Amino acid sequence: MGTKSTKSEPAGADGEERSPEQIEAEIEATREDVGKTAAELVDKADAKKQAKRKAAETKSKAKAKTHDLKEKASEQKEAATAKVIDATPDSVRDGAQQAAAQAKQLARENPIPATALGAFVAGVIIGWTLGRR
C-alpha cells in the first residue's frame with residue numbers, strides 16, 4: 001500500500017529533501033520564536049511590570065496635561081490683564097500710580113511714622129488672629 005522512504009532526512013513542506021544543517025537551522029529558528037513568545041507571555045503575566053508601565057504612562061500623560069493647563073492659564077491671565085488695562089480709564093490708572101508714588105515719598109521723608117504705622121497694623125493683625133482662636 002505505502003512505500004517507505006529509505007532516506008534519513010524528512011521532506012520539507014514543498015517536498016524537497018533537507019540537509020541536516022537546514023533542519024538544525026529550522027530548529028534553532030523555532031527555538032528563538034518560542035523563546036520570544038515565552039518572554040512576551042512572562043512580561044504580560046508580570047503584574048508588577050504592567051503596573052509600573054501603566055503608572056509611568058499615566059504620569060507622563062498627567063505631566064503633559066499639567067503643562068498644557070499652565071500654558072492655557074497663563075494665556076488667559078495675560079488676556080484678562082490686557083482687558084483690565086484697556087477697560088481702566090487713564091485717570092484712574094494715573095491716580096493709583098500717583099497715590100502709590102506719594103505713599104513711597106512720604107515713607108522716605110518720614111521713616112519713623114511710617115515704621116510706627118506698619119508696626120501698629122502688624123500688631124492689630126496679630127492680635128486679631130490670636131483673638132479668633
# chains A, B, ... in the order shown; residues from 1 in each chain; ligands from 1
$ select_by_dssp --residues "chain A" --states "alpha helix (DSSP H)" --output "PyMOL selection string"
chain A and resi 20-45+47-87+90-109+111-131
$ residues_around --residues "stretch 100-103 of chain A" --least-positions-apart "6" --cutoff "10 Å" --atoms "only C-alpha atoms" --output "compact mmCIF listing (two decimals) with N, CA and C atoms, in the first residue's frame"
# COMPACT_ATOMS: atom_id res chain seq x y z
N ASP A 94 -3.70 106.56 36.42
CA ASP A 94 -2.76 107.61 36.79
C ASP A 94 -2.91 107.98 38.26
N GLU A 109 10.43 110.30 53.40
CA GLU A 109 10.63 111.56 54.12
C GLU A 109 10.44 111.39 55.62
N ALA A 114 6.18 106.14 59.46
CA ALA A 114 5.78 105.05 58.56
C ALA A 114 6.06 103.70 59.22
$ atom_distance --atom1 "atom CA of A:Leu41" --atom2 "atom CA of A:Ala62"
29.0 Å
$ atom_distance --atom1 "atom CA of A:Val92" --atom2 "atom CA of A:Lys104"
18.4 Å
